[in-house]
Protein chains: 4
Amino acid sequence: MSFNTFGKIFRFTTWGESHGPAIGCVIDGCPPNISIKEKDIQNELNKRRPGQSKFTTQRKEDDKINILSGVFEGKTTGTPISLLIYNKDMRSRDYETIKNKFRPGHADFTYFKKYGIRDYRGGGRQSARETAARVAAGAVAKMVLEKKIGKKYKVTGGVTQLGILGCNLKNWNDNFISKNPFFCPDKSIVKIWEKYLLSIRKAGSSCGAIIEIRAKGVPVGLGAPIYSKLDMDLAAAMMSINAVKGVNIGSGMNSAQLTGEQNSDEISQKGKKTSFKSNNAGGILGGISTGQNIVLSFAVKPTSSILNSRKTIDKFGKNTSISVKGRHDPCVGIRAVPIGEAMMHCVILDHYLMHNAQCKS
Amino acid sequence: MSFNTFGKIFRFTTWGESHGPAIGCVIDGCPPNISIKEKDIQNELNKRRPGQSKFTTQRKEDDKINILSGVFEGKTTGTPISLLIYNKDMRSRDYETIKNKFRPGHADFTYFKKYGIRDYRGGGRQSARETAARVAAGAVAKMVLEKKIGKKYKVTGGVTQLGILGCNLKNWNDNFISKNPFFCPDKSIVKIWEKYLLSIRKAGSSCGAIIEIRAKGVPVGLGAPIYSKLDMDLAAAMMSINAVKGVNIGSGMNSAQLTGEQNSDEISQKGKKTSFKSNNAGGILGGISTGQNIVLSFAVKPTSSILNSRKTIDKFGKNTSISVKGRHDPCVGIRAVPIGEAMMHCVILDHYLMHNAQCKS
Amino acid sequence: MSFNTFGKIFRFTTWGESHGPAIGCVIDGCPPNISIKEKDIQNELNKRRPGQSKFTTQRKEDDKINILSGVFEGKTTGTPISLLIYNKDMRSRDYETIKNKFRPGHADFTYFKKYGIRDYRGGGRQSARETAARVAAGAVAKMVLEKKIGKKYKVTGGVTQLGILGCNLKNWNDNFISKNPFFCPDKSIVKIWEKYLLSIRKAGSSCGAIIEIRAKGVPVGLGAPIYSKLDMDLAAAMMSINAVKGVNIGSGMNSAQLTGEQNSDEISQKGKKTSFKSNNAGGILGGISTGQNIVLSFAVKPTSSILNSRKTIDKFGKNTSISVKGRHDPCVGIRAVPIGEAMMHCVILDHYLMHNAQCKS
Amino acid sequence: MSFNTFGKIFRFTTWGESHGPAIGCVIDGCPPNISIKEKDIQNELNKRRPGQSKFTTQRKEDDKINILSGVFEGKTTGTPISLLIYNKDMRSRDYETIKNKFRPGHADFTYFKKYGIRDYRGGGRQSARETAARVAAGAVAKMVLEKKIGKKYKVTGGVTQLGILGCNLKNWNDNFISKNPFFCPDKSIVKIWEKYLLSIRKAGSSCGAIIEIRAKGVPVGLGAPIYSKLDMDLAAAMMSINAVKGVNIGSGMNSAQLTGEQNSDEISQKGKKTSFKSNNAGGILGGISTGQNIVLSFAVKPTSSILNSRKTIDKFGKNTSISVKGRHDPCVGIRAVPIGEAMMHCVILDHYLMHNAQCKS
């Protein structure tokens, strides 16, 4: 049982609130003798960092990573790796006006009902700020997998739908993703998305998004039957990200509409290489990796903190209305890309270690 | 770490293969002094039992439950409850012809690659036969929750899409669900589904389905932040069911297309009662129950064992083709309804106990 | 969290009561492709079986093992192994007279206080009958380790003290242990023990015992720092056995009396072989195996069910007295030998798999 | 699975090395709305702090606690509590001379063999420095239990044997313990211990110790059958402390020598109060608390870092000898008292929450 821990062998525990002194995580079970530098982690954190464009929250966060343990002379020792990021630019006063009100669609209502206590500062523990800690953990997992599997292992995520606007998956271009503020893999759609999101922002509204994450080079055989299926753990991982409401593996919800013929990815062999005609399975059958690319997508709901007025209640049970002032993030989904990538790394590494434990010992 | 165990406080471990002597589960952490009779469990198992209509597999399974421990004089004692179902009507010879071939879209390929050993009889551990054990566990969880929460607690599932045919959710009728072979909640669509599925069956093909599960009477405050979110655990639970490829909580994947205004379920108070104008959240905010109905849906892919021929390889790596003979299930999704209900019970009970442990002690 | 599960990767969950229809366990995480036959398990169970001499309980238990899953064509498949033993010779009426009374020194008092319900038949879940299930699990662990490590791996346990009578550890003879009814390794003491225990038995009394377990051939490096130390897990394993009240690793409690010079096991190297001058550490330093023999001992308290009268209360809170009739076990400690061996196998295998997961992947 | 995490519901994960920038822990599962101040934790840490007398290591550690999360306006919020202590007075150069040598009886040999990497600075993760983090966690557990159970709940530990010198348990005086540098409960022996330990210290040697921990006011019913027994978890907790080699519950190893009559603690009832004539059980029967005091003891082996020369090998496998220079702790056992108390608090709170989860919901 673990409220704030993720993973089975490669485990990380995150801690910290949006407006506390710091956030961080402790990674346990990391293999020893892996080269880890602060900059390896910093690079991943920089992708997630807000304030990089007008399309994400303007909160300035340096998000400077500190390695406090578990690494000696640049290498992991096998003992817990403690990572810490100090919080900066925390304007608690921004929250004074909504201190006692619940935002519809936000977790502040349920947290208060559950715990009977409220840390109103920026969402406290509910804040997406927590995800910085898991991006850091994911960066470590990535370094381990790149050493164990090699450079053929690669995870790439992109935003494939912004509100009501999709993109053309056939135009997916890994290299383009980092070159636009939407993590969009399709160059042809970016201009339209830009206009659309600006209009959402000006209207004081917000929109959702769909993110797709792909992992190449994952060996066949990772996963476990029934209650540690690779897709089960991936679904849990993605659903644990703030504001995620749906997860698809491969053809996902669309699988319902396929026939058995369409859905079955035909198999063929050429020399030592097994090939599949299609990938409706998203690289996972029976909870175990097939050796194909792992492909999943998830939906992020629109930001609940919007400028427009919504009916709600306060913590004393009185009817009122709320409209959020100050920093406003028109689409939180965009920043979910590096988070989804991080969770993919963590789940794959965990299953890699689990598989070896049971089947390769 | 637990390959075949589900849950944190209320935990169950399933075991058994399709064509072994028996299957079963061991439930740990069940509260004491709950009345449990074999017939309470049998009733739930009977819903899942195959061979009840021409739309599901013709394998005859009595699925008679045996309580081997943990219940004394009709009441749970707080010690592990061992449940066992003997396997019957196992025609292993049906599988001789496909003994060495992998079915595209089936888990037999990945199991063999993972473990280096193959139990070809009816899918072995990959078989949906395992789900009978969790339906039994779910029946126990249901009995506990009905005693703890009362009769207002109720879980109902239905098939809302059969292949390419949806149903009208506005026609949802709890009582109708058990009166048709599809677990369909919409009376107006059943005739059309019948024709459609018969044609699929005659064609030797199969189709997928979408199942929706609703839980009423769930108290506010269940769930836990970050890595034991109620929706995270529900997503994991549903994704652990054979052939499930996508999970939605509330508006799910569709959330991406909503605006912040549309998505936020406005809150109001009247006396002691908190109400929500809508339920895009599916009853869960920040991973914690709001007190609204919990609503989720999941997609089951088409049966991979179809009569039509598909290209594949055998266990020696040779190209070949396969078409499955004998018993054939045109839509495995139908029987997923009681399984989804069972998993809903188990997750809610688990979180109910967890919440009490931390917040009510 | 797991009330009735032991282990981390190689995990087993036991279930069943003394006088229910059966007892058993489910083993999860067992490596695939290990040859397991029912007779391998039966051999270990036979060591523990009561009724073999006048020095242990006269209850006749066949303890015939049934493998219900996880083994196909004689080999483990990597899926859960379900083992079941039917209960026989259950004379529930023996317990009628003490149905409402608590035995001083017995768990019936605390179980009733905890759960508010009482399975008075032979101790229910508190019965040492549960240990048959773990001996079965230990037999599987032994088979795995013998395949992975080889025949140099060997675990041997013996009774080194019977009540107030010790034995001479310098006379330890592995082969003699199975040739006397006390599992005593010292031939010179057996006659004296025999007289002593007969006198205890005739007096309607009971006595405790100390058991020592030795494991040879355990590789260096098993264990984990801080909260999964090998000695921590071994201490937990032994303390989980009914009636155990103390555990020593190596010099154990006696370590307190040593000087730093005496306690430190000096190290030397000859070619590839590292040697230690002594083994006060019991083969474990910092929670990690040194490559020496693992040596531990534990104390089993005297049987609480004795024929002599003791003051107690009944379940209604009335003062009364109790003396147990019928089958009487003058020293339960004797039968703890195969149980301690089984737990040693399970802990070592679990750490073997854990070590490989983190450090050998 | 959790290498560096302890507990099931109330869980803490420690991190940090002796000579890294900081050490700390993350507590998960702490109930909300408990008043926690830094000084509550600091008080417990101060007990453990070295450098307080000539009988413990002269390393100066401020051990100033920092609460980084989980506490808002002086109360726990139910989210993870991150505690951090910066390391000071780290003289890495002290270790240069023994950088490549293993200390007999020390964990440096096994850590190197396990991980293939060596943090030679002050023992790295093997250092007893880690225990400061668990003392901090224990302080939080204590605050929770004092609020939940009330002031009748009290845990007291003392050193009852120093090397070859015992004390008289009949002279146990709670108040005297904090008034002598040995945490000795028996005033009559202190002068003798003082002379004895000074002689050990001057000789450059070290000695072991036995510590006894008593918990009053623990409710009946805490614990769980078989694999989460209260005594099993306590034994594991104590064995996880550096240098501990043996654990006794109640009469412990001595139980072996008792008869059934002597061992059984007779029960009587007066009004609502259940009494026991003796406490050989140490307050635990069948793994569940009886309502009596919980009493346990454990042995700490002598410090392995001694000034006298010992034969050993270096990391290159060469025979050599070692004698440690610089700070020297003649009896590490003394400082184990607050650590044992802390672990007692943590285990009891964990079982308190577990019991409520299953039996009080």
# chains A, B, ... in the order shown; residues from 1 in each chain; ligands from 1

call {"tool": "interface_residues", "arguments": {"of": "chain B", "to": "chain D", "cutoff": "12 Å", "atoms": "only C-alpha atoms", "output": "ChimeraX atom specification"}}
result
/B:1-2,8-11,28-34,76-80,144-145,147-149,224-228,349-361

call {"tool": "write_last_selection", "arguments": {"atoms": "N, CA and C atoms", "output": "CSV table (one decimal), in the first residue's frame"}}
result
chain,number,residue,atom,x,y,z
B,1,MET,N,5.0,-5.9,-4.6
B,1,MET,CA,5.0,-6.5,-5.9
B,1,MET,C,4.1,-7.8,-5.9
B,2,SER,N,3.3,-7.9,-6.9
B,2,SER,CA,2.3,-9.0,-6.9
B,2,SER,C,1.8,-9.2,-8.3
B,8,LYS,N,-5.1,-3.5,-2.0
B,8,LYS,CA,-4.1,-3.0,-1.1
B,8,LYS,C,-4.5,-3.5,0.3
B,9,ILE,N,-5.7,-3.3,0.8
B,9,ILE,CA,-6.1,-3.8,2.1
B,9,ILE,C,-7.0,-5.0,1.8
B,10,PHE,N,-8.1,-4.8,1.1
B,10,PHE,CA,-8.9,-5.9,0.6
B,10,PHE,C,-8.2,-6.5,-0.7
B,11,ARG,N,-7.5,-7.6,-0.5
B,11,ARG,CA,-6.6,-8.1,-1.6
B,11,ARG,C,-7.1,-9.4,-2.0
B,28,ASP,N,-7.8,-11.7,1.0
B,28,ASP,CA,-7.2,-11.4,2.3
B,28,ASP,C,-7.6,-10.0,2.7
B,29,GLY,N,-7.7,-9.7,4.0
B,29,GLY,CA,-8.1,-8.4,4.5
B,29,GLY,C,-9.6,-8.1,4.5
B,30,CYS,N,-10.4,-9.2,4.4
B,30,CYS,CA,-11.8,-9.0,4.4
B,30,CYS,C,-12.2,-8.7,5.9
B,31,PRO,N,-13.1,-7.7,6.1
B,31,PRO,CA,-13.5,-7.4,7.5
B,31,PRO,C,-14.3,-8.6,8.1
B,32,PRO,N,-14.2,-8.8,9.4
B,32,PRO,CA,-14.9,-10.0,10.0
B,32,PRO,C,-16.4,-9.7,10.2
B,33,ASN,N,-17.1,-10.8,10.5
B,33,ASN,CA,-18.5,-10.6,10.9
B,33,ASN,C,-19.4,-10.2,9.8
B,34,ILE,N,-19.1,-10.5,8.6
B,34,ILE,CA,-19.9,-10.2,7.4
B,34,ILE,C,-20.6,-11.5,7.0
B,76,THR,N,-17.8,-14.2,8.0
B,76,THR,CA,-16.4,-14.0,7.8
B,76,THR,C,-15.7,-13.9,9.1
B,77,THR,N,-14.5,-14.5,9.2
B,77,THR,CA,-13.7,-14.4,10.5
B,77,THR,C,-12.6,-13.4,10.5
B,78,GLY,N,-12.3,-12.8,9.3
B,78,GLY,CA,-11.2,-11.9,9.2
B,78,GLY,C,-10.0,-12.6,8.7
B,79,THR,N,-10.0,-13.9,8.6
B,79,THR,CA,-8.9,-14.7,8.0
B,79,THR,C,-9.1,-14.9,6.5
B,80,PRO,N,-8.1,-15.4,5.8
B,80,PRO,CA,-8.3,-15.5,4.3
B,80,PRO,C,-9.4,-16.4,3.9
B,144,VAL,N,-19.7,-7.0,1.6
B,144,VAL,CA,-19.2,-6.1,2.7
B,144,VAL,C,-19.7,-4.7,2.5
B,145,LEU,N,-19.7,-4.2,1.3
B,145,LEU,CA,-20.1,-2.8,1.1
B,145,LEU,C,-21.6,-2.6,1.4
B,147,LYS,N,-23.2,-4.1,3.6
B,147,LYS,CA,-23.4,-4.0,5.0
B,147,LYS,C,-22.8,-2.7,5.6
B,148,LYS,N,-21.7,-2.3,5.0
B,148,LYS,CA,-21.0,-1.1,5.6
B,148,LYS,C,-21.8,0.2,5.2
B,149,ILE,N,-22.1,0.3,3.9
B,149,ILE,CA,-22.7,1.5,3.4
B,149,ILE,C,-24.2,1.5,3.4
B,224,ALA,N,-7.1,8.5,-3.0
B,224,ALA,CA,-5.9,9.0,-2.4
B,224,ALA,C,-5.1,9.8,-3.4
B,225,PRO,N,-4.4,10.8,-3.0
B,225,PRO,CA,-3.7,11.6,-4.0
B,225,PRO,C,-2.6,10.9,-4.7
B,226,ILE,N,-2.4,11.2,-5.9
B,226,ILE,CA,-1.2,10.9,-6.7
B,226,ILE,C,-1.2,9.4,-7.1
B,227,TYR,N,-0.7,8.5,-6.2
B,227,TYR,CA,-0.4,7.1,-6.8
B,227,TYR,C,-1.4,6.1,-6.2
B,228,SER,N,-2.4,6.5,-5.6
B,228,SER,CA,-3.5,5.6,-5.3
B,228,SER,C,-4.8,6.3,-5.5
B,349,LEU,N,-14.3,-1.0,-2.3
B,349,LEU,CA,-14.1,-1.5,-0.9
B,349,LEU,C,-12.7,-1.3,-0.4
B,350,ASP,N,-11.7,-1.5,-1.3
B,350,ASP,CA,-10.4,-1.3,-1.0
B,350,ASP,C,-10.1,0.2,-0.5
B,351,HIS,N,-10.7,1.1,-1.3
B,351,HIS,CA,-10.5,2.5,-1.0
B,351,HIS,C,-11.3,2.9,0.3
B,352,TYR,N,-12.4,2.3,0.4
B,352,TYR,CA,-13.2,2.5,1.6
B,352,TYR,C,-12.4,2.2,2.9
B,353,LEU,N,-11.8,1.0,2.9
B,353,LEU,CA,-11.0,0.6,4.0
B,353,LEU,C,-9.7,1.5,4.2
B,354,MET,N,-9.1,1.8,3.1
B,354,MET,CA,-7.9,2.7,3.1
B,354,MET,C,-8.3,4.1,3.7
B,355,HIS,N,-9.4,4.6,3.2
B,355,HIS,CA,-9.8,5.9,3.7
B,355,HIS,C,-10.0,5.9,5.2
B,356,ASN,N,-10.7,4.9,5.6
B,356,ASN,CA,-11.0,4.7,7.1
B,356,ASN,C,-9.7,4.6,7.9
B,357,ALA,N,-8.7,3.8,7.3
B,357,ALA,CA,-7.5,3.6,8.0
B,357,ALA,C,-6.8,4.9,8.2
B,358,GLN,N,-6.7,5.7,7.2
B,358,GLN,CA,-5.9,7.0,7.4
B,358,GLN,C,-6.7,8.1,8.0
B,359,CYS,N,-8.0,8.2,7.6
B,359,CYS,CA,-8.8,9.4,8.0
B,359,CYS,C,-9.8,9.2,9.1
B,360,LYS,N,-10.2,8.0,9.4
B,360,LYS,CA,-11.3,7.8,10.3
B,360,LYS,C,-10.9,7.1,11.6
B,361,SER,N,-9.6,6.8,11.7
B,361,SER,CA,-9.1,6.0,12.8
B,361,SER,C,-9.3,6.8,14.1

call {"tool": "select_by_dssp", "arguments": {"residues": "segment 59-206 of chain C", "states": "alpha helix (DSSP H)", "output": "number ranges by chain"}}
result
C: 108-115, 130-148, 174-177, 190-202

call {"tool": "residues_around", "arguments": {"residues": "Ile65 of chain B", "least_positions_apart": "4", "cutoff": "7 Å", "atoms": "only C-alpha atoms", "output": "MDAnalysis selection string"}}
result
chainID B and resid 38 42 83:85

call {"tool": "residues_around", "arguments": {"residues": "Arg103 of chain C", "least_positions_apart": "2", "cutoff": "8 Å", "atoms": "only C-alpha atoms", "output": "CSV table (one decimal) with N, CA and C atoms, in the first residue's frame"}}
result
chain,number,residue,atom,x,y,z
C,101,LYS,N,-13.7,-21.1,26.6
C,101,LYS,CA,-12.7,-20.7,27.5
C,101,LYS,C,-11.4,-20.3,26.7
C,105,GLY,N,-1.8,-18.2,27.4
C,105,GLY,CA,-0.6,-18.4,26.6
C,105,GLY,C,-1.0,-18.8,25.1
C,106,HIS,N,-2.3,-18.9,24.8
C,106,HIS,CA,-2.7,-19.2,23.5
C,106,HIS,C,-3.3,-18.0,22.8
C,107,ALA,N,-3.4,-18.1,21.5
C,107,ALA,CA,-3.9,-17.0,20.7
C,107,ALA,C,-5.4,-16.9,20.7
C,108,ASP,N,-6.1,-17.8,21.3
C,108,ASP,CA,-7.6,-17.7,21.2
C,108,ASP,C,-8.2,-16.5,21.8
C,109,PHE,N,-7.5,-16.0,22.9
C,109,PHE,CA,-8.0,-14.8,23.5
C,109,PHE,C,-7.8,-13.6,22.6
C,304,SER,N,0.9,-24.3,24.8
C,304,SER,CA,0.1,-23.7,25.8
C,304,SER,C,-1.1,-24.6,26.1
C,305,SER,N,-1.4,-25.6,25.3
C,305,SER,CA,-2.5,-26.5,25.6
C,305,SER,C,-1.9,-27.7,26.4
C,312,THR,N,-8.1,-19.0,34.2
C,312,THR,CA,-8.3,-18.2,33.0
C,312,THR,C,-9.7,-17.6,33.1
C,322,ILE,N,-9.0,-24.0,33.3
C,322,ILE,CA,-9.0,-24.8,32.1
C,322,ILE,C,-7.9,-25.9,32.2

call {"tool": "residues_around", "arguments": {"residues": "segment 155-158 of chain B", "least_positions_apart": "4", "cutoff": "9 Å", "atoms": "only C-alpha atoms", "output": "PDB file with N, CA and C atoms, in the first residue's frame"}}
result
ATOM      1  N   LYS B 142     -18.902  -6.919  -2.576  1.00  0.00           N
ATOM      2  CA  LYS B 142     -20.259  -6.358  -2.635  1.00  0.00           C
ATOM      3  C   LYS B 142     -20.995  -6.576  -1.314  1.00  0.00           C
ATOM      4  N   TRP B 172     -31.229   4.273 -20.731  1.00  0.00           N
ATOM      5  CA  TRP B 172     -30.641   3.344 -19.737  1.00  0.00           C
ATOM      6  C   TRP B 172     -31.698   2.913 -18.719  1.00  0.00           C
ATOM      7  N   ASP B 174     -31.921   0.122 -15.685  1.00  0.00           N
ATOM      8  CA  ASP B 174     -31.238  -0.892 -14.854  1.00  0.00           C
ATOM      9  C   ASP B 174     -31.913  -2.256 -14.934  1.00  0.00           C
ATOM     10  N   ILE B 177     -31.421  -4.649 -18.089  1.00  0.00           N
ATOM     11  CA  ILE B 177     -30.092  -5.220 -18.376  1.00  0.00           C
ATOM     12  C   ILE B 177     -30.045  -6.740 -18.223  1.00  0.00           C
ATOM     13  N   PHE B 182     -27.477  -9.444 -23.952  1.00  0.00           N
ATOM     14  CA  PHE B 182     -26.341  -8.546 -24.212  1.00  0.00           C
ATOM     15  C   PHE B 182     -25.985  -7.674 -23.005  1.00  0.00           C
ATOM     16  N   PHE B 183     -26.691  -7.811 -21.905  1.00  0.00           N
ATOM     17  CA  PHE B 183     -26.547  -6.858 -20.792  1.00  0.00           C
ATOM     18  C   PHE B 183     -26.724  -5.424 -21.302  1.00  0.00           C
ATOM     19  N   CYS B 184     -27.638  -5.262 -22.266  1.00  0.00           N
ATOM     20  CA  CYS B 184     -27.846  -3.937 -22.861  1.00  0.00           C
ATOM     21  C   CYS B 184     -28.881  -3.172 -22.032  1.00  0.00           C
ATOM     22  N   PRO B 185     -28.592  -1.900 -21.715  1.00  0.00           N
ATOM     23  CA  PRO B 185     -29.542  -1.142 -20.892  1.00  0.00           C
ATOM     24  C   PRO B 185     -30.647  -0.466 -21.713  1.00  0.00           C
ATOM     25  N   ILE B 210     -18.257  -1.832 -25.954  1.00  0.00           N
ATOM     26  CA  ILE B 210     -17.960  -0.884 -24.872  1.00  0.00           C
ATOM     27  C   ILE B 210     -18.896  -1.176 -23.714  1.00  0.00           C
ATOM     28  N   ILE B 211     -18.324  -1.227 -22.529  1.00  0.00           N
ATOM     29  CA  ILE B 211     -19.097  -1.520 -21.322  1.00  0.00           C
ATOM     30  C   ILE B 211     -19.041  -0.287 -20.413  1.00  0.00           C
ATOM     31  N   GLU B 212     -20.179   0.044 -19.828  1.00  0.00           N
ATOM     32  CA  GLU B 212     -20.214   1.154 -18.872  1.00  0.00           C
ATOM     33  C   GLU B 212     -20.601   0.607 -17.505  1.00  0.00           C
ATOM     34  N   ILE B 213     -19.889   1.051 -16.473  1.00  0.00           N
ATOM     35  CA  ILE B 213     -20.178   0.612 -15.104  1.00  0.00           C
ATOM     36  C   ILE B 213     -20.484   1.842 -14.253  1.00  0.00           C
ATOM     37  N   ARG B 214     -21.575   1.782 -13.515  1.00  0.00           N
ATOM     38  CA  ARG B 214     -21.975   2.905 -12.664  1.00  0.00           C
ATOM     39  C   ARG B 214     -22.091   2.441 -11.216  1.00  0.00           C
ATOM     40  N   ALA B 215     -21.565   3.252 -10.319  1.00  0.00           N
ATOM     41  CA  ALA B 215     -21.680   2.937  -8.892  1.00  0.00           C
ATOM     42  C   ALA B 215     -22.405   4.077  -8.186  1.00  0.00           C
ATOM     43  N   LYS B 216     -23.520   3.735  -7.546  1.00  0.00           N
ATOM     44  CA  LYS B 216     -24.287   4.725  -6.793  1.00  0.00           C
ATOM     45  C   LYS B 216     -24.012   4.556  -5.298  1.00  0.00           C
ATOM     46  N   GLY B 217     -24.118   5.667  -4.572  1.00  0.00           N
ATOM     47  CA  GLY B 217     -24.030   5.577  -3.114  1.00  0.00           C
ATOM     48  C   GLY B 217     -22.608   5.511  -2.579  1.00  0.00           C
ATOM     49  N   ILE B 334     -19.356  -8.985 -24.087  1.00  0.00           N
ATOM     50  CA  ILE B 334     -20.630  -9.116 -23.369  1.00  0.00           C
ATOM     51  C   ILE B 334     -20.414  -9.637 -21.958  1.00  0.00           C
ATOM     52  N   VAL B 337     -19.274  -7.598 -18.547  1.00  0.00           N
ATOM     53  CA  VAL B 337     -20.107  -6.751 -17.676  1.00  0.00           C
ATOM     54  C   VAL B 337     -20.007  -7.171 -16.198  1.00  0.00           C
ATOM     55  N   PRO B 338     -20.295  -8.418 -15.847  1.00  0.00           N
ATOM     56  CA  PRO B 338     -20.164  -8.779 -14.429  1.00  0.00           C
ATOM     57  C   PRO B 338     -18.727  -8.693 -13.904  1.00  0.00           C
ATOM     58  N   GLY B 340     -16.514  -6.346 -14.881  1.00  0.00           N
ATOM     59  CA  GLY B 340     -16.322  -4.923 -14.593  1.00  0.00           C
ATOM     60  C   GLY B 340     -17.017  -4.521 -13.297  1.00  0.00           C
ATOM     61  N   GLU B 341     -18.215  -5.043 -13.087  1.00  0.00           N
ATOM     62  CA  GLU B 341     -18.920  -4.767 -11.826  1.00  0.00           C
ATOM     63  C   GLU B 341     -18.109  -5.285 -10.626  1.00  0.00           C
ATOM     64  N   ALA B 342     -17.588  -6.496 -10.774  1.00  0.00           N
ATOM     65  CA  ALA B 342     -16.813  -7.097  -9.681  1.00  0.00           C
ATOM     66  C   ALA B 342     -15.594  -6.248  -9.343  1.00  0.00           C
ATOM     67  N   MET B 344     -15.195  -3.099  -9.913  1.00  0.00           N
ATOM     68  CA  MET B 344     -15.680  -1.852  -9.287  1.00  0.00           C
ATOM     69  C   MET B 344     -15.905  -2.081  -7.786  1.00  0.00           C
ATOM     70  N   HIS B 345     -16.577  -3.159  -7.426  1.00  0.00           N
ATOM     71  CA  HIS B 345     -16.790  -3.467  -6.005  1.00  0.00           C
ATOM     72  C   HIS B 345     -15.457  -3.550  -5.247  1.00  0.00           C
TER      73      HIS B 345
END

call {"tool": "atom_distance", "arguments": {"atom1": "atom CA of Lys154 of chain D", "atom2": "atom CA of Lys113 of chain C"}}
result
21.9 Å

call {"tool": "select_by_dssp", "arguments": {"residues": "segment 65-243 of chain C", "states": "strand (DSSP E or B)", "output": "PyMOL selection string"}}
result
chain C and resi 65-67+71-72+75-76+81-86+101+154-162+165-166+207+209-216+223

call {"tool": "residues_around", "arguments": {"residues": "segment 20-24 of chain C", "least_positions_apart": "6", "cutoff": "12 Å", "atoms": "only C-alpha atoms", "output": "VMD selection string"}}
result
(chain B and resid 24 to 26 66 to 73 80 to 84) or (chain C and resid 4 12 to 14 61 to 68 81 to 92 119 to 125 127 to 137)

call {"tool": "closest_residue", "arguments": {"among": "D:Ala281, D:Ile27, D:Ala299, D:Leu197", "to": "Phe6 of chain D", "atoms": "only C-alpha atoms"}}
result
D:Ile27

call {"tool": "residues_around", "arguments": {"residues": "Gly252 of chain A", "least_positions_apart": "6", "cutoff": "8 Å", "atoms": "only C-alpha atoms", "output": "ChimeraX atom specification"}}
result
/A:296 /B:245-247,299

call {"tool": "write_last_selection", "arguments": {"atoms": "N, CA and C atoms", "output": "CSV table (one decimal), in the first residue's frame"}}
result
chain,number,residue,atom,x,y,z
A,296,LEU,N,0.5,4.4,-26.8
A,296,LEU,CA,-0.7,4.7,-26.0
A,296,LEU,C,-1.1,6.2,-26.1
B,245,LYS,N,-8.8,-2.5,-23.9
B,245,LYS,CA,-7.8,-1.7,-24.6
B,245,LYS,C,-7.9,-0.2,-24.2
B,246,GLY,N,-9.0,0.2,-23.6
B,246,GLY,CA,-9.2,1.6,-23.3
B,246,GLY,C,-10.1,1.8,-22.1
B,247,VAL,N,-9.9,2.8,-21.3
B,247,VAL,CA,-10.7,3.1,-20.2
B,247,VAL,C,-11.0,4.6,-20.1
B,299,ALA,N,-13.4,-0.3,-23.3
B,299,ALA,CA,-13.5,-1.0,-24.6
B,299,ALA,C,-12.9,-2.4,-24.5

call {"tool": "atom_distance", "arguments": {"atom1": "atom CA of Lys114 of chain B", "atom2": "atom CA of Met232 of chain A"}}
result
17.1 Å

call {"tool": "closest_residue", "arguments": {"among": "C:Leu285, C:Ile98, C:Ala236, C:Ile200", "to": "Tyr111 of chain D", "atoms": "only C-alpha atoms"}}
result
C:Leu285

call {"tool": "atom_distance", "arguments": {"atom1": "atom CA of Ile294 of chain C", "atom2": "atom CA of Gly223 of chain C"}}
result
11.9 Å
